[in-house]
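Participant: This is input_29.json (JSON, C-alpha atoms and all ligand atoms).
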[["chain", "number", "residue", "atom", "x", "y", "z"],
["E", 1, "MET", "CA", -19.29, -24.44, 19.99],
["E", 2, "GLU", "CA", -17.49, -27.07, 17.94],
["E", 3, "ILE", "CA", -13.68, -27.08, 17.93],
["E", 4, "LEU", "CA", -11.66, -28.48, 15.02],
["E", 5, "LEU", "CA", -8.09, -29.13, 16.11],
["E", 6, "ALA", "CA", -5.48, -29.65, 13.37],
["E", 7, "LYS", "CA", -3.85, -33.10, 13.64],
["E", 8, "SER", "CA", -0.46, -31.58, 12.85],
["E", 9, "ALA", "CA", -0.70, -28.75, 15.43],
["E", 10, "GLY", "CA", 2.46, -28.25, 17.47],
["E", 11, "PHE", "CA", 6.00, -29.60, 17.60],
["E", 12, "CYS", "CA", 7.58, -31.08, 14.52],
["E", 13, "PHE", "CA", 9.84, -34.11, 14.89],
["E", 14, "GLY", "CA", 13.07, -32.07, 15.03],
["E", 15, "VAL", "CA", 11.90, -29.54, 17.63],
["E", 16, "LYS", "CA", 10.36, -32.24, 19.82],
["E", 17, "ARG", "CA", 13.62, -34.20, 19.67],
["E", 18, "ALA", "CA", 15.76, -31.13, 20.47],
["E", 19, "THR", "CA", 13.59, -30.13, 23.42],
["E", 20, "GLN", "CA", 13.62, -33.65, 24.84],
["E", 21, "MET", "CA", 17.41, -33.87, 24.42],
["E", 22, "ALA", "CA", 17.81, -30.58, 26.32],
["E", 23, "PHE", "CA", 15.57, -31.72, 29.20],
["E", 24, "ASP", "CA", 17.40, -35.08, 29.36],
["E", 25, "ALA", "CA", 20.77, -33.29, 29.38],
["E", 26, "ALA", "CA", 19.56, -31.08, 32.26],
["E", 27, "ASP", "CA", 19.42, -34.26, 34.36],
["E", 28, "THR", "CA", 23.03, -35.09, 33.48],
["E", 29, "TYR", "CA", 24.85, -31.74, 33.58],
["E", 30, "GLN", "CA", 24.95, -29.27, 36.45],
["E", 31, "SER", "CA", 25.08, -26.27, 34.18],
["E", 32, "LEU", "CA", 23.75, -26.26, 30.64],
["E", 33, "GLN", "CA", 23.33, -23.63, 27.92],
["E", 34, "SER", "CA", 21.79, -23.60, 24.47],
["E", 35, "LEU", "CA", 23.56, -21.80, 21.67],
["E", 36, "GLY", "CA", 20.75, -19.36, 20.83],
["E", 37, "PRO", "CA", 17.15, -19.88, 22.02],
["E", 38, "LEU", "CA", 16.30, -23.54, 21.53],
["E", 39, "ILE", "CA", 12.86, -22.77, 20.21],
["E", 40, "HIS", "CA", 10.74, -19.81, 19.03],
["E", 41, "SER", "CA", 8.38, -20.00, 21.96],
["E", 42, "PRO", "CA", 9.03, -17.59, 24.85],
["E", 43, "GLN", "CA", 6.92, -19.78, 27.17],
["E", 44, "MET", "CA", 8.99, -22.90, 26.38],
["E", 45, "VAL", "CA", 12.25, -20.96, 26.68],
["E", 46, "LYS", "CA", 11.07, -19.95, 30.16],
["E", 47, "LYS", "CA", 10.34, -23.60, 31.05],
["E", 48, "LEU", "CA", 13.82, -24.55, 29.85],
["E", 49, "GLU", "CA", 15.32, -21.75, 31.95],
["E", 50, "ASP", "CA", 13.39, -23.03, 34.97],
["E", 51, "ARG", "CA", 15.23, -26.34, 34.44],
["E", 52, "GLY", "CA", 18.53, -24.47, 34.43],
["E", 53, "ILE", "CA", 19.00, -24.39, 30.63],
["E", 54, "ARG", "CA", 20.22, -20.87, 29.90],
["E", 55, "VAL", "CA", 20.75, -19.24, 26.50],
["E", 56, "CYS", "CA", 24.14, -18.02, 25.26],
["E", 57, "THR", "CA", 24.55, -16.29, 21.92],
["E", 58, "GLN", "CA", 28.17, -17.23, 21.15],
["E", 59, "VAL", "CA", 30.44, -20.14, 21.96],
["E", 60, "ASP", "CA", 32.90, -17.92, 23.88],
["E", 61, "GLU", "CA", 30.07, -16.73, 26.16],
["E", 62, "ALA", "CA", 29.36, -20.27, 27.31],
["E", 63, "ASP", "CA", 30.33, -20.85, 30.93],
["E", 64, "GLY", "CA", 28.45, -24.08, 31.69],
["E", 65, "ASP", "CA", 29.46, -27.76, 31.55],
["E", 66, "ALA", "CA", 27.61, -28.47, 28.31],
["E", 67, "ILE", "CA", 26.14, -26.72, 25.29],
["E", 68, "VAL", "CA", 23.03, -27.72, 23.35],
["E", 69, "VAL", "CA", 23.06, -27.20, 19.58],
["E", 70, "ARG", "CA", 19.52, -26.37, 18.43],
["E", 71, "SER", "CA", 17.56, -28.16, 15.73],
["E", 72, "HIS", "CA", 18.60, -25.96, 12.81],
["E", 73, "GLY", "CA", 22.26, -26.65, 13.47],
["E", 74, "VAL", "CA", 25.38, -24.48, 13.58],
["E", 75, "THR", "CA", 28.03, -23.40, 11.10],
["E", 76, "ALA", "CA", 31.15, -25.53, 10.58],
["E", 77, "GLU", "CA", 33.15, -22.75, 12.29],
["E", 78, "GLU", "CA", 30.86, -22.76, 15.33],
["E", 79, "LEU", "CA", 31.10, -26.55, 15.53],
["E", 80, "GLU", "CA", 34.89, -26.30, 15.44],
["E", 81, "ALA", "CA", 34.82, -23.69, 18.23],
["E", 82, "LEU", "CA", 32.46, -25.91, 20.22],
["E", 83, "ASN", "CA", 34.77, -28.91, 19.84],
["E", 84, "ALA", "CA", 37.74, -26.77, 20.89],
["E", 85, "CYS", "CA", 36.11, -25.28, 24.00],
["E", 86, "GLY", "CA", 36.24, -28.53, 25.91],
["E", 87, "LYS", "CA", 32.59, -28.56, 26.98],
["E", 88, "ALA", "CA", 30.24, -31.46, 26.40],
["E", 89, "ILE", "CA", 28.13, -30.98, 23.25],
["E", 90, "VAL", "CA", 24.50, -32.06, 23.08],
["E", 91, "ASP", "CA", 23.95, -31.96, 19.33],
["E", 92, "ALA", "CA", 20.21, -31.62, 18.71],
["E", 93, "THR", "CA", 20.61, -30.70, 15.03],
["E", 94, "CYS", "CA", 17.60, -32.15, 13.22],
["E", 95, "PRO", "CA", 18.69, -35.15, 11.10],
["E", 96, "PHE", "CA", 16.99, -33.53, 8.06],
["E", 97, "VAL", "CA", 19.25, -30.49, 8.47],
["E", 98, "THR", "CA", 22.32, -32.71, 8.90],
["E", 99, "LYS", "CA", 21.43, -34.40, 5.61],
["E", 100, "ALA", "CA", 21.23, -31.03, 3.82],
["E", 101, "GLN", "CA", 24.64, -30.07, 5.29],
["E", 102, "LYS", "CA", 26.08, -33.34, 3.96],
["E", 103, "TYR", "CA", 24.66, -32.83, 0.46],
["E", 104, "ALA", "CA", 26.12, -29.31, 0.44],
["E", 105, "ALA", "CA", 29.56, -30.69, 1.28],
["E", 106, "ASP", "CA", 29.29, -33.54, -1.26],
["E", 107, "LEU", "CA", 28.10, -31.34, -4.14],
["E", 108, "SER", "CA", 30.72, -28.73, -3.44],
["E", 109, "HIS", "CA", 33.42, -31.36, -3.23],
["E", 110, "ALA", "CA", 32.34, -32.75, -6.59],
["E", 111, "GLY", "CA", 32.83, -29.33, -8.20],
["E", 112, "TYR", "CA", 29.20, -28.23, -8.49],
["E", 113, "LEU", "CA", 28.13, -24.64, -8.09],
["E", 114, "LEU", "CA", 25.88, -25.10, -5.05],
["E", 115, "VAL", "CA", 22.52, -23.36, -5.32],
["E", 116, "LEU", "CA", 20.72, -23.30, -1.99],
["E", 117, "VAL", "CA", 17.07, -22.28, -2.16],
["E", 118, "GLY", "CA", 16.30, -20.42, 1.06],
["E", 119, "GLU", "CA", 16.56, -17.24, 3.11],
["E", 120, "ALA", "CA", 20.19, -16.12, 3.30],
["E", 121, "HIS", "CA", 19.89, -14.67, 6.81],
["E", 122, "HIS", "CA", 18.37, -17.81, 8.36],
["E", 123, "PRO", "CA", 20.72, -19.67, 10.77],
["E", 124, "GLU", "CA", 19.92, -23.02, 9.15],
["E", 125, "VAL", "CA", 20.92, -21.65, 5.73],
["E", 126, "GLN", "CA", 24.09, -20.06, 7.11],
["E", 127, "GLY", "CA", 24.96, -23.41, 8.67],
["E", 128, "ILE", "CA", 24.41, -25.35, 5.42],
["E", 129, "VAL", "CA", 26.41, -22.80, 3.42],
["E", 130, "SER", "CA", 29.36, -23.20, 5.77],
["E", 131, "TYR", "CA", 29.66, -26.93, 4.97],
["E", 132, "ALA", "CA", 30.09, -26.29, 1.25],
["E", 133, "GLY", "CA", 33.78, -25.85, 0.59],
["E", 134, "GLY", "CA", 33.28, -24.25, -2.83],
["E", 135, "GLU", "CA", 31.12, -21.66, -4.53],
["E", 136, "VAL", "CA", 27.59, -21.25, -3.11],
["E", 137, "VAL", "CA", 24.71, -19.02, -4.17],
["E", 138, "VAL", "CA", 21.64, -18.68, -1.93],
["E", 139, "VAL", "CA", 18.53, -17.85, -3.93],
["E", 140, "ALA", "CA", 15.15, -17.03, -2.47],
["E", 141, "SER", "CA", 13.08, -16.60, -5.62],
["E", 142, "PRO", "CA", 12.94, -17.55, -9.31],
["E", 143, "ALA", "CA", 13.93, -13.96, -10.16],
["E", 144, "GLU", "CA", 17.16, -14.39, -8.18],
["E", 145, "ALA", "CA", 17.77, -17.76, -9.88],
["E", 146, "GLU", "CA", 17.60, -15.97, -13.27],
["E", 147, "GLU", "CA", 20.86, -14.21, -12.27],
["E", 148, "LEU", "CA", 22.76, -17.52, -11.99],
["E", 149, "PRO", "CA", 25.59, -18.09, -14.49],
["E", 150, "LYS", "CA", 25.04, -20.32, -17.54],
["E", 151, "ASN", "CA", 26.72, -23.59, -18.49],
["E", 152, "ARG", "CA", 27.95, -24.52, -15.03],
["E", 153, "LYS", "CA", 27.57, -27.81, -13.19],
["E", 154, "ILE", "CA", 24.78, -26.88, -10.77],
["E", 155, "GLY", "CA", 23.88, -28.79, -7.61],
["E", 156, "ILE", "CA", 20.66, -27.63, -6.00],
["E", 157, "ILE", "CA", 19.28, -28.19, -2.50],
["E", 158, "ALA", "CA", 16.78, -26.34, -0.29],
["E", 159, "GLN", "CA", 16.35, -24.98, 3.21],
["E", 160, "THR", "CA", 14.23, -27.64, 4.94],
["E", 161, "THR", "CA", 11.24, -25.33, 5.41],
["E", 162, "GLN", "CA", 11.02, -24.07, 1.80],
["E", 163, "SER", "CA", 7.80, -24.46, -0.17],
["E", 164, "ILE", "CA", 7.95, -27.18, -2.79],
["E", 165, "ASP", "CA", 6.41, -24.82, -5.37],
["E", 166, "ASN", "CA", 9.24, -22.30, -5.00],
["E", 167, "PHE", "CA", 11.84, -25.09, -5.15],
["E", 168, "ARG", "CA", 10.23, -26.60, -8.25],
["E", 169, "THR", "CA", 10.14, -23.24, -10.06],
["E", 170, "ILE", "CA", 13.77, -22.48, -9.23],
["E", 171, "VAL", "CA", 14.78, -25.96, -10.43],
["E", 172, "SER", "CA", 13.04, -25.16, -13.75],
["E", 173, "VAL", "CA", 15.01, -21.92, -14.04],
["E", 174, "CYS", "CA", 18.25, -23.84, -13.40],
["E", 175, "LEU", "CA", 17.30, -26.35, -16.12],
["E", 176, "GLU", "CA", 17.40, -23.49, -18.59],
["E", 177, "LYS", "CA", 20.88, -22.56, -17.39],
["E", 178, "THR", "CA", 22.70, -25.87, -17.62],
["E", 179, "ARG", "CA", 22.59, -29.41, -18.97],
["E", 180, "HIS", "CA", 24.36, -30.69, -15.87],
["E", 181, "LEU", "CA", 22.04, -30.39, -12.91],
["E", 182, "LYS", "CA", 21.95, -32.47, -9.74],
["E", 183, "ILE", "CA", 18.98, -32.05, -7.39],
["E", 184, "TYR", "CA", 18.49, -33.18, -3.82],
["E", 185, "ASN", "CA", 15.07, -32.40, -2.43],
["E", 186, "THR", "CA", 15.98, -31.57, 1.18],
["E", 187, "ILE", "CA", 12.58, -30.09, 2.06],
["E", 188, "CYS", "CA", 11.02, -31.61, 5.16],
["E", 189, "ASP", "CA", 7.25, -31.87, 4.94],
["E", 190, "ALA", "CA", 6.58, -30.60, 8.51],
["E", 191, "THR", "CA", 5.87, -27.11, 7.18],
["E", 192, "SER", "CA", 3.68, -28.07, 4.22],
["E", 193, "VAL", "CA", 1.64, -30.56, 6.27],
["E", 194, "ARG", "CA", 0.88, -27.86, 8.88],
["E", 195, "GLN", "CA", 0.02, -25.35, 6.17],
["E", 196, "GLU", "CA", -2.30, -27.73, 4.30],
["E", 197, "ASP", "CA", -4.10, -28.68, 7.53],
["E", 198, "ALA", "CA", -4.50, -25.02, 8.53],
["E", 199, "VAL", "CA", -5.94, -24.02, 5.15],
["E", 200, "SER", "CA", -8.31, -26.99, 5.12],
["E", 201, "ILE", "CA", -9.62, -26.25, 8.63],
["E", 202, "ALA", "CA", -9.85, -22.49, 8.02],
["E", 203, "ALA", "CA", -12.19, -23.21, 5.12],
["E", 204, "GLN", "CA", -14.58, -25.07, 7.45],
["E", 205, "VAL", "CA", -14.84, -22.73, 10.44],
["E", 206, "ASP", "CA", -16.10, -19.26, 11.45],
["E", 207, "LEU", "CA", -12.98, -18.35, 13.37],
["E", 208, "MET", "CA", -9.43, -19.65, 13.42],
["E", 209, "LEU", "CA", -7.01, -19.56, 16.35],
["E", 210, "VAL", "CA", -3.31, -20.00, 15.59],
["E", 211, "VAL", "CA", -1.09, -20.60, 18.61],
["E", 212, "GLY", "CA", 2.63, -19.94, 18.79],
["E", 213, "GLY", "CA", 5.40, -17.44, 19.40],
["E", 214, "TYR", "CA", 5.09, -14.04, 17.72],
["E", 215, "ASN", "CA", 8.77, -14.58, 16.83],
["E", 216, "SER", "CA", 7.96, -17.87, 15.11],
["E", 217, "ALA", "CA", 7.97, -17.38, 11.32],
["E", 218, "ASN", "CA", 6.14, -20.63, 10.64],
["E", 219, "THR", "CA", 3.34, -19.76, 13.08],
["E", 220, "THR", "CA", 2.94, -16.28, 11.61],
["E", 221, "ARG", "CA", 2.78, -17.84, 8.14],
["E", 222, "LEU", "CA", 0.03, -20.24, 9.28],
["E", 223, "ALA", "CA", -2.03, -17.28, 10.52],
["E", 224, "GLY", "CA", -1.42, -15.46, 7.23],
["E", 225, "LEU", "CA", -2.61, -18.46, 5.18],
["E", 226, "CYS", "CA", -5.79, -18.75, 7.28],
["E", 227, "ARG", "CA", -6.50, -15.04, 6.73],
["E", 228, "GLU", "CA", -5.95, -15.50, 3.00],
["E", 229, "GLN", "CA", -8.85, -17.99, 3.12],
["E", 230, "GLY", "CA", -11.01, -15.07, 4.27],
["E", 231, "THR", "CA", -11.42, -16.60, 7.75],
["E", 232, "LEU", "CA", -11.34, -14.38, 10.82],
["E", 233, "THR", "CA", -8.02, -15.40, 12.41],
["E", 234, "TYR", "CA", -6.31, -14.61, 15.71],
["E", 235, "HIS", "CA", -2.66, -15.42, 16.39],
["E", 236, "VAL", "CA", -2.11, -15.87, 20.14],
["E", 237, "GLU", "CA", 0.77, -17.06, 22.27],
["E", 238, "THR", "CA", -1.20, -18.03, 25.37],
["E", 239, "ALA", "CA", -4.73, -18.75, 26.53],
["E", 240, "GLY", "CA", -4.68, -15.55, 28.60],
["E", 241, "GLU", "CA", -4.87, -13.47, 25.40],
["E", 242, "ILE", "CA", -8.17, -14.96, 24.29],
["E", 243, "ASP", "CA", -11.16, -12.62, 24.50],
["E", 244, "PRO", "CA", -14.51, -14.41, 25.03],
["E", 245, "LEU", "CA", -16.17, -11.71, 22.89],
["E", 246, "TRP", "CA", -14.39, -13.11, 19.82],
["E", 247, "PHE", "CA", -16.66, -16.17, 19.97],
["E", 248, "GLU", "CA", -20.06, -14.47, 20.02],
["E", 249, "GLY", "CA", -22.14, -16.06, 17.29],
["E", 250, "VAL", "CA", -19.32, -18.48, 16.39],
["E", 251, "GLY", "CA", -20.50, -22.05, 15.81],
["E", 252, "ARG", "CA", -17.20, -23.62, 14.79],
["E", 253, "VAL", "CA", -13.69, -22.65, 15.72],
["E", 254, "GLY", "CA", -10.49, -24.05, 14.22],
["E", 255, "LEU", "CA", -7.25, -24.43, 16.15],
["E", 256, "THR", "CA", -3.73, -24.99, 14.93],
["E", 257, "ALA", "CA", -0.23, -24.27, 16.16],
["E", 258, "GLY", "CA", 3.24, -23.79, 14.69],
["E", 259, "ALA", "CA", 6.02, -26.39, 14.67],
["E", 260, "SER", "CA", 7.62, -24.72, 17.69],
["E", 261, "THR", "CA", 4.48, -24.53, 19.85],
["E", 262, "PRO", "CA", 4.61, -26.84, 22.87],
["E", 263, "GLN", "CA", 1.70, -29.12, 23.68],
["E", 264, "PHE", "CA", 1.02, -27.51, 27.06],
["E", 265, "LEU", "CA", 0.06, -24.22, 25.35],
["E", 266, "ILE", "CA", -2.32, -26.03, 22.98],
["E", 267, "ASP", "CA", -3.86, -27.89, 25.95],
["E", 268, "GLU", "CA", -4.40, -24.61, 27.83],
["E", 269, "ILE", "CA", -6.15, -23.08, 24.81],
["E", 270, "MET", "CA", -8.34, -26.18, 24.38],
["E", 271, "ALA", "CA", -9.32, -26.01, 28.06],
["E", 272, "THR", "CA", -10.18, -22.31, 27.72],
["E", 273, "LEU", "CA", -12.28, -22.89, 24.61],
["E", 274, "ALA", "CA", -14.09, -25.77, 26.30],
["E", 275, "ARG", "CA", -15.26, -23.34, 29.02],
["E", 276, "PHE", "CA", -17.00, -21.02, 26.50],
["E", 301, "LIG", "S1", 10.85, -28.37, 10.39],
["E", 301, "LIG", "FE1", 11.61, -30.34, 9.63],
["E", 301, "LIG", "S2", 13.81, -30.01, 9.36],
["E", 301, "LIG", "FE2", 13.09, -28.36, 10.67],
["E", 301, "LIG", "S3", 13.38, -29.12, 12.75],
["E", 301, "LIG", "FE3", 11.29, -29.64, 12.17],
["E", 301, "LIG", "S4", 11.44, -31.75, 11.38],
["E", 301, "LIG", "FE4", 13.52, -30.89, 11.38]]
The structure in this file should be written as structure tokens.

Facilitator:
Amino acid sequence: MEILLAKSAGFCFGVKRATQMAFDAADTYQSLQSLGPLIHSPQMVKKLEDRGIRVCTQVDEADGDAIVVRSHGVTAEELEALNACGKAIVDATCPFVTKAQKYAADLSHAGYLLVLVGEAHHPEVQGIVSYAGGEVVVVASPAEAEELPKNRKIGIIAQTTQSIDNFRTIVSVCLEKTRHLKIYNTICDATSVRQEDAVSIAAQVDLMLVVGGYNSANTTRLAGLCREQGTLTYHVETAGEIDPLWFEGVGRVGLTAGASTPQFLIDEIMATLARF
């Protein structure tokens, strides 16, 4: 059986950096907590816990020496509370997210109506919104953008994981609304690169395996895209879930993993496939 492994499978730059910063901090501080789970991978969260890195959900629950801020950042209010609580802060906010927060502040300061293309409930979006001092509208779709007011100075940015097609369409809608439009493309290509690789491999194989947390939206989306190609696709978290019967009559299998899937889980799956 031939195995095609996606080059982009696994950690993106920001998640890899955040995880490494947390492990490094575990060597420095006696007691360490992350503000929310550092990563959407229950197996990696367990590994972090084994190194003494516990999860707290709010700043006032933190009872350790230091707190790790995860890759999608925190709100300005949370950052203020963190600074006030007197604990050491290990800020693992992805630099791409920091840039989006800065553009939000700059545009707002300059009097633009800030339009943020993204999912309103997502912590990264809530963080970015909090840095804009003025009026902000979060829009998820072109239909929502149609509701924006006319003849305003509009500044538009995106959640880092948005699709470029959705961003482009919403920018076009905004062009119809105003003659004064400022655009910062804050999309990071980690998501699109993984999606393009997954679709390309799914088109070449009999069966596709997508590895990553069931709570990871980007992993679930990868599995969905592979299925849309008409390829038999299984989303698994660990090698233990793989059923050898899936591979009967399969000549080629494709393998990819979400941006929050650690390398050790991919390695375990590769080793399991190699035994079939
Ligand atoms: S997806 Fe992009 S912006 Fe988000 S953490 Fe990864 S590298 Fe950073």

Participant: Given a cut-off of 7 Å, what residues near ligand LIG 301 (chain E) show up using all atoms listed in the file, put as a list in words?

Facilitator: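 Within the 7 Å cut-off, the matching residues are Cys12, Phe13, Gly14, Val15, Ser71, His72, Cys94, Pro95, Phe96, Val97, Thr160, Thr161, Cys188, Asp189, Ala190, Thr191 and Ala259 of chain E.
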
Participant: Please measure the separation of CA of Gly52 in chain E and CA of Cys85 in chain E, giving the value in Å to one decimal.

Facilitator: 20.5 Å

Participant: Grab the CA of Asn185 in chain E to CA of Ala9 in chain E distance for me, in Å with one decimal place.

Facilitator: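 One can read the CA of Asn185 in chain E to CA of Ala9 in chain E distance as 24.1 Å.
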
Participant: Would you list the residues near (26.5, -16.1, 21.5) (no more than 12 Å away, in the coordinates of the file, using only C-alpha atoms) as a list in words?

Facilitator: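 Output: Gln33, Ser34, Leu35, Gly36, Pro37, Arg54, Val55, Cys56, Thr57, Gln58, Val59, Asp60, Glu61, Ala62, Asp63, Ile67, Val69, Val74, Glu78, Ala81 and Leu82 of chain E.
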
Participant: Can you pull out every residue within 7 Å of Val205 in chain E, counting all atoms listed in the file, but drop anything in the same chain fewer than 6 positions away, and send it as a list in words?

Facilitator: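 With the cut-off at 7 Å, the set is Arg252, Val253 and Gly254 of chain E.
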
Participant: Point out the residue among E:Tyr184, E:Pro142, E:Glu176, E:Gln162 with the least atom-to-atom distance to Asn218 in chain E, counting only C-alpha atoms.

Facilitator: E:Gln162

Participant: Centre and edge lengths, as JSON, for the axis-aligned box enclosing every listed atom of range 152-156 of chain E with 5 Å of padding on each of the six sides, in Å to one decimal?

Facilitator:
{"center_x": 24.3, "center_y": -26.7, "center_z": -10.5, "size_x": 17.3, "size_y": 14.3, "size_z": 19.0}

Participant: Determine, counting all atoms listed in the file, which protein, DNA and RNA residues have an atom within 10 Å of an atom of Gly230 in chain E; residues of the same chain fewer than 5 positions away are not included. Present the result as a list in words.

Facilitator: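 Contacts, with the query itself left out: Ala202, Ala203, Asp206, Leu207 and Leu225 of chain E.
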
Participant: Please write all heavy atoms of range 136-144 of chain E, from the structure given just now, as a short mmCIF file (atom, residue, chain, number, x, y, z; two decimals), in the first residue's frame.

Facilitator:
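Printed below is part20.cif as written:
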data_model
loop_
_atom_site.label_atom_id
_atom_site.label_comp_id
_atom_site.auth_asym_id
_atom_site.auth_seq_id
_atom_site.Cartn_x
_atom_site.Cartn_y
_atom_site.Cartn_z
N VAL E 136 -16.88 48.67 15.53
CA VAL E 136 -16.43 47.45 14.84
C VAL E 136 -17.65 46.64 14.43
O VAL E 136 -18.60 46.50 15.21
CB VAL E 136 -15.61 46.52 15.77
CG1 VAL E 136 -14.98 45.39 14.97
CG2 VAL E 136 -14.56 47.28 16.54
N VAL E 137 -17.61 46.08 13.22
CA VAL E 137 -18.65 45.14 12.82
C VAL E 137 -17.93 43.86 12.37
O VAL E 137 -17.03 43.92 11.53
CB VAL E 137 -19.51 45.67 11.65
CG1 VAL E 137 -20.65 44.70 11.35
CG2 VAL E 137 -20.05 47.05 11.96
N VAL E 138 -18.33 42.72 12.95
CA VAL E 138 -17.77 41.43 12.51
C VAL E 138 -18.74 40.86 11.48
O VAL E 138 -19.94 40.73 11.75
CB VAL E 138 -17.61 40.46 13.70
CG1 VAL E 138 -17.05 39.12 13.22
CG2 VAL E 138 -16.70 41.06 14.76
N VAL E 139 -18.23 40.54 10.31
CA VAL E 139 -19.10 39.94 9.29
C VAL E 139 -18.52 38.60 8.86
O VAL E 139 -17.31 38.46 8.68
CB VAL E 139 -19.31 40.85 8.05
CG1 VAL E 139 -20.01 42.13 8.42
CG2 VAL E 139 -18.01 41.15 7.35
N ALA E 140 -19.40 37.62 8.72
CA ALA E 140 -18.95 36.28 8.36
C ALA E 140 -19.17 35.99 6.88
O ALA E 140 -18.52 35.11 6.31
CB ALA E 140 -19.68 35.25 9.22
N SER E 141 -20.09 36.72 6.26
CA SER E 141 -20.48 36.36 4.89
C SER E 141 -20.78 37.63 4.08
O SER E 141 -21.05 38.69 4.65
CB SER E 141 -21.76 35.51 4.94
OG SER E 141 -22.81 36.31 5.46
N PRO E 142 -20.79 37.50 2.75
CA PRO E 142 -21.15 38.66 1.91
C PRO E 142 -22.55 39.17 2.25
O PRO E 142 -22.79 40.39 2.22
CB PRO E 142 -21.09 38.09 0.49
CG PRO E 142 -20.13 36.94 0.59
CD PRO E 142 -20.32 36.36 1.95
N ALA E 143 -23.47 38.27 2.58
CA ALA E 143 -24.84 38.70 2.92
C ALA E 143 -24.81 39.62 4.14
O ALA E 143 -25.53 40.64 4.18
CB ALA E 143 -25.71 37.48 3.19
N GLU E 144 -23.98 39.29 5.12
CA GLU E 144 -23.88 40.16 6.31
C GLU E 144 -23.23 41.50 5.94
O GLU E 144 -23.60 42.54 6.47
CB GLU E 144 -23.08 39.46 7.40
CG GLU E 144 -23.86 38.34 8.08
CD GLU E 144 -23.07 37.63 9.16
OE1 GLU E 144 -22.13 38.21 9.73
OE2 GLU E 144 -23.39 36.47 9.42
#
